[in-house]
Amino acid sequence: MKRFGRWLIPILPIPALALLAFGLTRDVQVLPSAIVGEAAPEFRLETMAGDSLTLAGLDAQVVVLNFWASWCIPCRQEHPALVRATEVYDDSDVRVLGVLYQDTPEGAERFMRRFGGGWETVLDPGTRTAIDFGVYGVPETFFIDADRRIAYKHIGPLSWEILRTKVDSLLSAGGA
Amino acid sequence: MRQLAPLVVLCLMLAPESALAGTQEAELSAAEVDHLSAEVAAQLRCPVCRNQSVLESSSGLAREMQSVIRDRLASGETPEEVRAYFVGRYGDWILLKPEPKGINLLVYLLPAAALLFGGLLLYYRIRRWTGATVSAPEASPAGLEVPDADAAPTEGARAAELPSPDADGGLSEEEEEWIRQQIGSLG
Amino acid sequence: MLSTLGYASVIAALLGAAITTLTGLIGGFKNRPVLIDASRRATYFTFVAMTAAIVTMEAALLTHDFSVAYVSRVGSRETPPYYTAISLWSSLDGSILFWGWILSGYAALVAFVRRRQTDGLTPFVLGTLGFVGIFFFGLLAGPANPFGLIVPTPENGPGPNPLLQNHPLMGLHPPLLYLGFVGLSVPFAFAIGALLSGNLEATWLRDARRWMIAAWAFLSLGIVGGAWWSYEVLGWGGYWAWDPVENASFLPWLTATAFLHSVMVQERRGMLKTWNLTLIIGTFILTLFGTFLTRSGILDSVHAFTEGVIGPLFLAYIALLTLGSFLLIAWRSDRLHAPGTLDGAVSRESAFILNNLVFVALTFTVLLGTVFPLIVEWARSERISVGPPYFDMVFTPLALLLLFLMGVGPALPWRRTTAEKMKRSFWLPTAMGAAVVAVIFLLGVRRLYPLVTFGFAGFVLATIVEEFRKGVSARQRISGRPPAFAFLDLFTRNGRRYGGYVVHTGVVVIAVGLAISGSWKFERELTLRQGEQAEIGEYRLQFDEIFTREEPQRFVVGGNFQAWKGDRYLGVQQPRLNYYPTSQQPIATPAVESSLSKDLYLTLMAFEPQKGEHATVRAIVNPAVAWLWIGGLIVGIGALIAIWPHGRPAYLPELAEELGGTAPLADSLESAAAEAGRREEAVVVGGEEHGS
């Protein structure tokens with residue numbers, strides 16, 4: 001027993017080493033969201049034009065809620081995908097709505113003038129809606145289905161492919 | 001937190017906090033809200049700066065989160081409810097101290113278990129090393145020791161302590177014995 | 001040109017380390033003087049080569065030679081020379097270069113100090129250090145090569161990470177930490193060397209212990225220095241965040257401290273041989289683990305340098321060393337067996353063993369908390385966090401237990417004690433602790449932890465004072481010197497023991513500082529218009545204006561705040577925000593007005609950008625933080641006393657004195673001591689212990 005037991009000691013660190021090896025296989029930057037699959041938090045926010053807007057008041061099947069800011073560089077990268085979405089999809093099917101994150105309306109207007117795109121962006125004073133949605137930073141995009149549940153969340157810049165895949169899957173689920 | 005109550009050690013650890021839990025009444029003064037919101041903010045992880053609490057971070061989001069905490073407390077929510085709100089949005093990730101439930105219990109129980117296990121192991125080891133029974137301090141001194149009761153010097157010196165405190169040279173037993181003899185022959 | 005020169009130096013060092021390993025191990029096993037000699041020379045050669053590499057890198061940095069890969073990544077023409085010079089450790093490959101250089105320096109020092117030592121251990125020790133070196137030099141030659149050639153040569157670079165060029169303190173704690181971390185590989189090499197050579201008697205342990213104290217001292221200073229940097233630079237108002245990078249330095253410190261106590265049990269009783277080996281090896285592996293943790297980017301951390309291939313390599317290397325070391329222990333377990341005996345269950349030996357239990361439990365706890373998110377993710381695919389509230393909760397009781405044991409250990413005699421003697425040596429410290437608690441309680445303190453901390457602090461300080469008092473009176477009786485000289489004699493004659501007590505004193509000061517600053521820190525966020533005043537505690541603050549300043553590498557926005565403490569004017573405080581071109585978020589520089597009792601800590605949070613009409617500042621009153629730095633300094637001084645080489649130990653008469661000596665006895669004892677010294681010297685031939 002004693003003879004044999006001493007060779008057991010070197011085996012002890014192996015689980016710890018395996019744990020570290022596992023650590024190498026994952027990406028720390030990807031963070032969880034507790035809110036996917038839940039009902040989307042209701043909000044009443046003002047658009048840049050000054051109108052009041054609520055989530056319940058939107059009648060499109062799918063709402064693409066995009067948190068963005070004019071100072072955010074990756075937001076420029078994803079902007080064309082959103083522009084394209086407003087062009088391709090019918091307003092009654094898909095509604096793209098921007099939520100301004102820690103930014104001024106002036107900055108947002110400049111951004112829209114420069115990069116195009118005419119969809120509505122609502123202001124989020126106090127970042128309350130962003131916190132309600134559990135936003136870590138911008139850009140983050142939430143895909144909200146017909147039942148006003150959050151079906152998907154995308155962290156980082158969107159591409160047209162990702163956007164289309166997610167929207168289409170929601171549209172077909174809703175239509176069926 | 002209540003599950004852990006039986007564990008004396010953990011109870012002790014939690015004591016400073018549980019004092020706060022009872023103070024929640026309907027109306028809070030501004031100072032109380034400040035105090036409580038700082039408590040809650042210190043328990044939440046700032047989403048943008050990763051390894052700081054919401055309280056410590058100077059980032060915009062963390063500062064807005066602080067005001068959300070304050071508003072919710074002022075409107076009568078308990079600190080637990082405020083925490084639950086953030087967990088609902090950001091997941092357990094946002095808690096700097098994991099909820100003691102499920103697998104998370106391990107992080108609370110294992111240290112205590114390790115201490116307990118190590119303590120028991122040592123107890124039996126020391127028992128073995130001291131020979132059969134753990135001797136109480138009164139255990140009769142024998143052998144090398146200078147008889148202390150009458151021969152003890154008055155100045156409070158520990159008469160029986162062996163020479164060579166943490167000796168720089170690290171004297172061997174024989175050397176200690178030899179010195180002892182030298183001293184003995186002089187006396 | 002510099003690129004080639006630097007790379008050639010690294011390759012030369014790699015070669016040197018490989019030769020050291022081969023000649024050292026073969027020479028050691030076969031006992032060939034020629035090979036043993038060669039291993040020493042190869043060690044010197046490696047150090048020269050690494051020095052050349054470091055000098056080359058510094059030359060490249062300071063002359064802005066952007067054709068060198070590392071310079072092109074961390075250098076910029078706008079960065080001031082000081083920060084350019086220290087940007088050597090601001091990124092992954094540079095810090096590995098620095099690490100490798102220190103390692104080669106330690107190895108050369110070991111080779112030099114032991115050049116006349118004939119115990120057969122040296123070649124194994126150098127061989128082991130060479131083997132450790134091969135990995136780091138190999139990284140430098142391959143995946144982490146800082147000397148890569150960039151074609152075409154860029155005009156300029158981005159400069160170092162803004163956080164790391166924001167404050168001059170960045171030049172202080174990283175080198176200390178590296179000296180500590182890398183220094184821990186020397187005791188490791190002695191442990192492995194002893195296992196390999198099979199000579200597991202006391203000589204290796206004596207050397208390992210001395211090197212351990214040196215590395216421990218650097219590590220302690222590095223940890224305190226890092227806390228200071230965090231406090232003065234990061235602007236969050238605290239000094240210790242339980243960030244993985246901080247835990248990485250704290251874990252080996254804990255096990256090293258445990259070793260420094262348990263080694264005394266082995267020296268006196270021949271027990272715990274395997275345990276002490278495990279502690280040394282564990283300490284070294286924890287340094288590697290910490291480096292891996294913070295460099296591989298597997299955990300979120302303040303400065304994780306994420307880099308692809310180095311993580312897996314590091315892990316493989318840790319696995320190799322861990323398994324190899326433990327296999328060695330298993331292989332030699334026959335020679336490590338020592339029948340343990342204790343004369344009494346209540347003795348200093350037991351106190352040290354208990355202290356080891358608590359240190360190891362604390363190490364386990366900090367380690368568990370650090371990697372726990374990883375465990376949960378593995379088991380559950382969920383992300384959780386384990387942060388300061390958890391660590392504070394588990395750390396405080398264990399640390400208090402250690403504080404208590406710090407008073408118990410010195411008050412207990414070796415071997416055994418009696419109830420009568422216990423009473424004699426414990427009543428004063430206990431009374432002292434109780435008195436402190438009573439006074440603090442009457443002053444209105446009702447919190448549990450501070451009360452306990454103060455009580456234990458009083459208890460420990462009383463035992464330390466008592467130890468010094470006894471030492472001084474014993475020395476006085478022997479030498480007849482006045483008390484002040486007798487006091488100094490304690491340090492020169494038994495530095496390890498009394499230096500140890502000085503270290504303990506420093507730890508007590510730190511514990512009290514932690515208890516006070518942790519319990520009575522308070523803060524307010526103030527938004528002030530120009531000329532407006534506000535009060536926080538006994539401080540008064542007036543906002544005057546916002547100023548801006550353009551510096552070559554950054555744009556600075558600061559606020560001028562006049563501050564008063566009571567009626568005393570403290571001058572203009574300037575908390576700032578620094579905007580670096582490479583960073584989206586501004587880096588805050590707090591304004592800290594320090595005093596012994598409390599600090600006023602200001603961080604600029606926001607300001608009105610057009611005219612600077614108002615500014616928001618986070619004002620923190622942080623009591624007793626200065627004591628942490630003072631305590632750290634005391635710890636450093638104590639460690640220095642403990643390792644300072646001194647002559648023949650003359651504590652024997654002193655001890656005999658304690659056994660009840662008279663004047664004529666003392667004379668005879670002097671000669672007894674002299675004889676003992678001679679005998680002892682005969683045991684350690686040519687050890688550096690008696691060098692001066």
# chains A, B, ... in the order shown; residues from 1 in each chain; ligands from 1

call {"tool": "closest_atom_pairs", "arguments": {"of": "chain B", "to": "chain A", "cutoff": "8 Å", "atoms": "only C-alpha atoms", "output": "Markdown table"}}
result
| residue | atom | partner | partner_atom | distance |
| --- | --- | --- | --- | --- |
| B:Pro47 | CA | A:Tyr136 | CA | 5.3 |
| B:Val48 | CA | A:Tyr136 | CA | 6.0 |
| B:Gly60 | CA | A:Gln102 | CA | 7.5 |
| B:Leu61 | CA | A:Thr127 | CA | 7.3 |
| B:Glu64 | CA | A:Gly126 | CA | 5.9 |
| B:Met65 | CA | A:Ile131 | CA | 7.3 |
| B:Val68 | CA | A:Arg128 | CA | 7.4 |
| B:Phe86 | CA | A:Gly134 | CA | 7.8 |
| B:Val87 | CA | A:Ala34 | CA | 7.4 |
| B:Gly88 | CA | A:Ala34 | CA | 5.8 |
| B:Arg89 | CA | A:Gly134 | CA | 4.5 |
| B:Tyr90 | CA | A:Gly134 | CA | 5.0 |
| B:Gly91 | CA | A:Ala34 | CA | 4.6 |
| B:Trp93 | CA | A:Pro32 | CA | 7.6 |

call {"tool": "write_last_selection", "arguments": {"atoms": "C-alpha atoms", "output": "PDB file, in the first residue's frame"}}
result
ATOM      1  CA  PRO B  47     -20.012  45.051 -17.163  1.00  0.00           C
ATOM      2  CA  VAL B  48     -17.559  47.161 -19.145  1.00  0.00           C
ATOM      3  CA  GLY B  60     -20.542  55.664 -17.780  1.00  0.00           C
ATOM      4  CA  LEU B  61     -22.525  52.458 -17.624  1.00  0.00           C
ATOM      5  CA  GLU B  64     -25.883  54.814 -14.555  1.00  0.00           C
ATOM      6  CA  MET B  65     -26.237  51.466 -12.852  1.00  0.00           C
ATOM      7  CA  VAL B  68     -30.661  52.673 -11.046  1.00  0.00           C
ATOM      8  CA  PHE B  86     -29.547  42.798 -12.248  1.00  0.00           C
ATOM      9  CA  VAL B  87     -29.143  39.029 -12.184  1.00  0.00           C
ATOM     10  CA  GLY B  88     -32.260  38.815 -14.356  1.00  0.00           C
ATOM     11  CA  ARG B  89     -30.606  41.100 -16.924  1.00  0.00           C
ATOM     12  CA  TYR B  90     -26.986  40.070 -16.836  1.00  0.00           C
ATOM     13  CA  GLY B  91     -27.037  36.609 -15.323  1.00  0.00           C
ATOM     14  CA  TRP B  93     -22.014  36.714 -13.887  1.00  0.00           C
TER      15      TRP B  93
END

call {"tool": "interface_residues", "arguments": {"of": "chain C", "to": "chain A", "cutoff": "6 Å", "atoms": "only C-alpha atoms", "output": "list in words"}}
result
Ile298, Leu323, Phe326, Leu327 and Ala330 of chain C

call {"tool": "write_last_selection", "arguments": {"atoms": "N, CA and C atoms", "output": "PDB file, in the first residue's frame"}}
result
ATOM      1  N   ILE C 298      -6.916  33.365 -19.910  1.00  0.00           N
ATOM      2  CA  ILE C 298      -8.062  32.490 -19.654  1.00  0.00           C
ATOM      3  C   ILE C 298      -8.984  33.086 -18.603  1.00  0.00           C
ATOM      4  N   LEU C 323       4.465  17.109 -12.751  1.00  0.00           N
ATOM      5  CA  LEU C 323       4.521  15.648 -12.722  1.00  0.00           C
ATOM      6  C   LEU C 323       5.944  15.182 -12.449  1.00  0.00           C
ATOM      7  N   PHE C 326       6.895  15.687  -8.702  1.00  0.00           N
ATOM      8  CA  PHE C 326       6.258  14.763  -7.777  1.00  0.00           C
ATOM      9  C   PHE C 326       6.732  13.325  -7.994  1.00  0.00           C
ATOM     10  N   LEU C 327       7.048  12.992  -9.240  1.00  0.00           N
ATOM     11  CA  LEU C 327       7.617  11.671  -9.482  1.00  0.00           C
ATOM     12  C   LEU C 327       8.961  11.543  -8.785  1.00  0.00           C
ATOM     13  N   ALA C 330       8.362  10.892  -5.225  1.00  0.00           N
ATOM     14  CA  ALA C 330       7.928   9.511  -5.031  1.00  0.00           C
ATOM     15  C   ALA C 330       9.119   8.561  -5.127  1.00  0.00           C
TER      16      ALA C 330
END

call {"tool": "closest_atom_pairs", "arguments": {"of": "chain C", "to": "chain B", "cutoff": "6 Å", "atoms": "only C-alpha atoms", "output": "JSON lines"}}
result
{"residue": "C:Trp236", "atom": "CA", "partner": "B:Glu56", "partner_atom": "CA", "distance": 5.2}
{"residue": "C:Glu267", "atom": "CA", "partner": "B:Gly170", "partner_atom": "CA", "distance": 5.9}
{"residue": "C:Gly340", "atom": "CA", "partner": "B:Trp129", "partner_atom": "CA", "distance": 5.5}
{"residue": "C:Thr341", "atom": "CA", "partner": "B:Trp129", "partner_atom": "CA", "distance": 4.3}
{"residue": "C:Leu342", "atom": "CA", "partner": "B:Thr130", "partner_atom": "CA", "distance": 4.7}
{"residue": "C:Asp343", "atom": "CA", "partner": "B:Thr130", "partner_atom": "CA", "distance": 5.6}
{"residue": "C:Gly344", "atom": "CA", "partner": "B:Thr130", "partner_atom": "CA", "distance": 5.9}
{"residue": "C:Ala345", "atom": "CA", "partner": "B:Ser135", "partner_atom": "CA", "distance": 5.9}
{"residue": "C:Ala361", "atom": "CA", "partner": "B:Leu115", "partner_atom": "CA", "distance": 5.8}
{"residue": "C:Thr365", "atom": "CA", "partner": "B:Pro111", "partner_atom": "CA", "distance": 5.4}
{"residue": "C:Arg383", "atom": "CA", "partner": "B:Trp93", "partner_atom": "CA", "distance": 5.5}
{"residue": "C:Ile384", "atom": "CA", "partner": "B:Trp93", "partner_atom": "CA", "distance": 4.0}
{"residue": "C:Ser385", "atom": "CA", "partner": "B:Trp93", "partner_atom": "CA", "distance": 5.2}
{"residue": "C:Val386", "atom": "CA", "partner": "B:Leu96", "partner_atom": "CA", "distance": 5.1}
{"residue": "C:Gly387", "atom": "CA", "partner": "B:Leu96", "partner_atom": "CA", "distance": 4.5}
{"residue": "C:Pro389", "atom": "CA", "partner": "B:Lys97", "partner_atom": "CA", "distance": 5.6}
{"residue": "C:Tyr390", "atom": "CA", "partner": "B:Lys97", "partner_atom": "CA", "distance": 4.9}
{"residue": "C:Met393", "atom": "CA", "partner": "B:Met13", "partner_atom": "CA", "distance": 5.5}
{"residue": "C:Pro413", "atom": "CA", "partner": "B:Glu161", "partner_atom": "CA", "distance": 5.5}
{"residue": "C:Thr417", "atom": "CA", "partner": "B:Pro137", "partner_atom": "CA", "distance": 5.9}
{"residue": "C:Thr418", "atom": "CA", "partner": "B:Pro137", "partner_atom": "CA", "distance": 4.7}
{"residue": "C:Ala419", "atom": "CA", "partner": "B:Pro137", "partner_atom": "CA", "distance": 5.2}
{"residue": "C:Leu655", "atom": "CA", "partner": "B:Pro163", "partner_atom": "CA", "distance": 5.2}
{"residue": "C:Glu658", "atom": "CA", "partner": "B:Ala157", "partner_atom": "CA", "distance": 5.9}
{"residue": "C:Leu659", "atom": "CA", "partner": "B:Ala159", "partner_atom": "CA", "distance": 5.2}
{"residue": "C:Gly660", "atom": "CA", "partner": "B:Pro153", "partner_atom": "CA", "distance": 5.5}

call {"tool": "write_last_selection", "arguments": {"atoms": "C-alpha atoms", "output": "PDB file, in the first residue's frame"}}
result
ATOM      1  CA  TRP C 236     -10.621  53.314  -8.047  1.00  0.00           C
ATOM      2  CA  GLU C 267      16.032  21.902  10.912  1.00  0.00           C
ATOM      3  CA  GLY C 340       8.390  12.133  13.405  1.00  0.00           C
ATOM      4  CA  THR C 341       8.449  12.735  17.080  1.00  0.00           C
ATOM      5  CA  LEU C 342       7.217  15.607  19.130  1.00  0.00           C
ATOM      6  CA  ASP C 343       7.844  15.966  22.810  1.00  0.00           C
ATOM      7  CA  GLY C 344       4.683  17.874  23.486  1.00  0.00           C
ATOM      8  CA  ALA C 345       1.523  18.660  21.632  1.00  0.00           C
ATOM      9  CA  ALA C 361      -5.924  26.322   3.609  1.00  0.00           C
ATOM     10  CA  THR C 365      -9.127  29.038  -0.809  1.00  0.00           C
ATOM     11  CA  ARG C 383     -20.444  32.113 -16.388  1.00  0.00           C
ATOM     12  CA  ILE C 384     -20.143  33.323 -12.841  1.00  0.00           C
ATOM     13  CA  SER C 385     -17.818  35.716 -11.068  1.00  0.00           C
ATOM     14  CA  VAL C 386     -15.895  35.388  -7.859  1.00  0.00           C
ATOM     15  CA  GLY C 387     -14.733  38.766  -6.680  1.00  0.00           C
ATOM     16  CA  PRO C 389     -16.823  40.278  -1.566  1.00  0.00           C
ATOM     17  CA  TYR C 390     -16.161  36.540  -1.625  1.00  0.00           C
ATOM     18  CA  MET C 393     -15.325  36.991   3.425  1.00  0.00           C
ATOM     19  CA  PRO C 413       9.026  27.123  23.697  1.00  0.00           C
ATOM     20  CA  THR C 417       5.829  23.383  27.861  1.00  0.00           C
ATOM     21  CA  THR C 418       3.973  23.188  31.097  1.00  0.00           C
ATOM     22  CA  ALA C 419       0.816  24.903  32.202  1.00  0.00           C
ATOM     23  CA  LEU C 655      20.777  30.839  25.634  1.00  0.00           C
ATOM     24  CA  GLU C 658      18.540  31.909  29.848  1.00  0.00           C
ATOM     25  CA  LEU C 659      19.117  28.559  31.432  1.00  0.00           C
ATOM     26  CA  GLY C 660      20.101  30.378  34.574  1.00  0.00           C
TER      27      GLY C 660
END

call {"tool": "select_by_dssp", "arguments": {"residues": "chain A", "states": "strand (DSSP E or B)", "output": "VMD selection string"}}
result
chain A and resid 39 44 to 47 52 to 54 62 to 68 94 to 100 121 to 122 140 to 144 149 to 155

call {"tool": "residues_around", "arguments": {"residues": "Arg164 (chain A)", "least_positions_apart": "3", "cutoff": "12 Å", "atoms": "only C-alpha atoms", "output": "list in words"}}
result
Val62, Val64, Ala81, Leu82, Arg84, Ala85, Thr86, Val88, Tyr89, Val94, Phe143, Leu158, Ser159, Trp160, Glu161, Val167, Asp168, Ser169, Leu170, Leu171 and Ser172 of chain A

call {"tool": "atom_distance", "arguments": {"atom1": "CA of Ala59 (chain C)", "atom2": "CA of Val71 (chain C)"}}
result
10.2 Å

call {"tool": "atom_distance", "arguments": {"atom1": "CA of Thr165 (chain A)", "atom2": "CA of Glu377 (chain C)"}}
result
28.4 Å

call {"tool": "select_by_dssp", "arguments": {"residues": "region 399-639 of chain C", "states": "helix (DSSP H, G or I)", "output": "MDAnalysis selection string"}}
result
chainID C and resid 399:411 419:442 448:479 483:493 495:520 625:639

call {"tool": "atom_distance", "arguments": {"atom1": "CA of Ile213 (chain C)", "atom2": "CA of Ala248 (chain C)"}}
result
18.7 Å
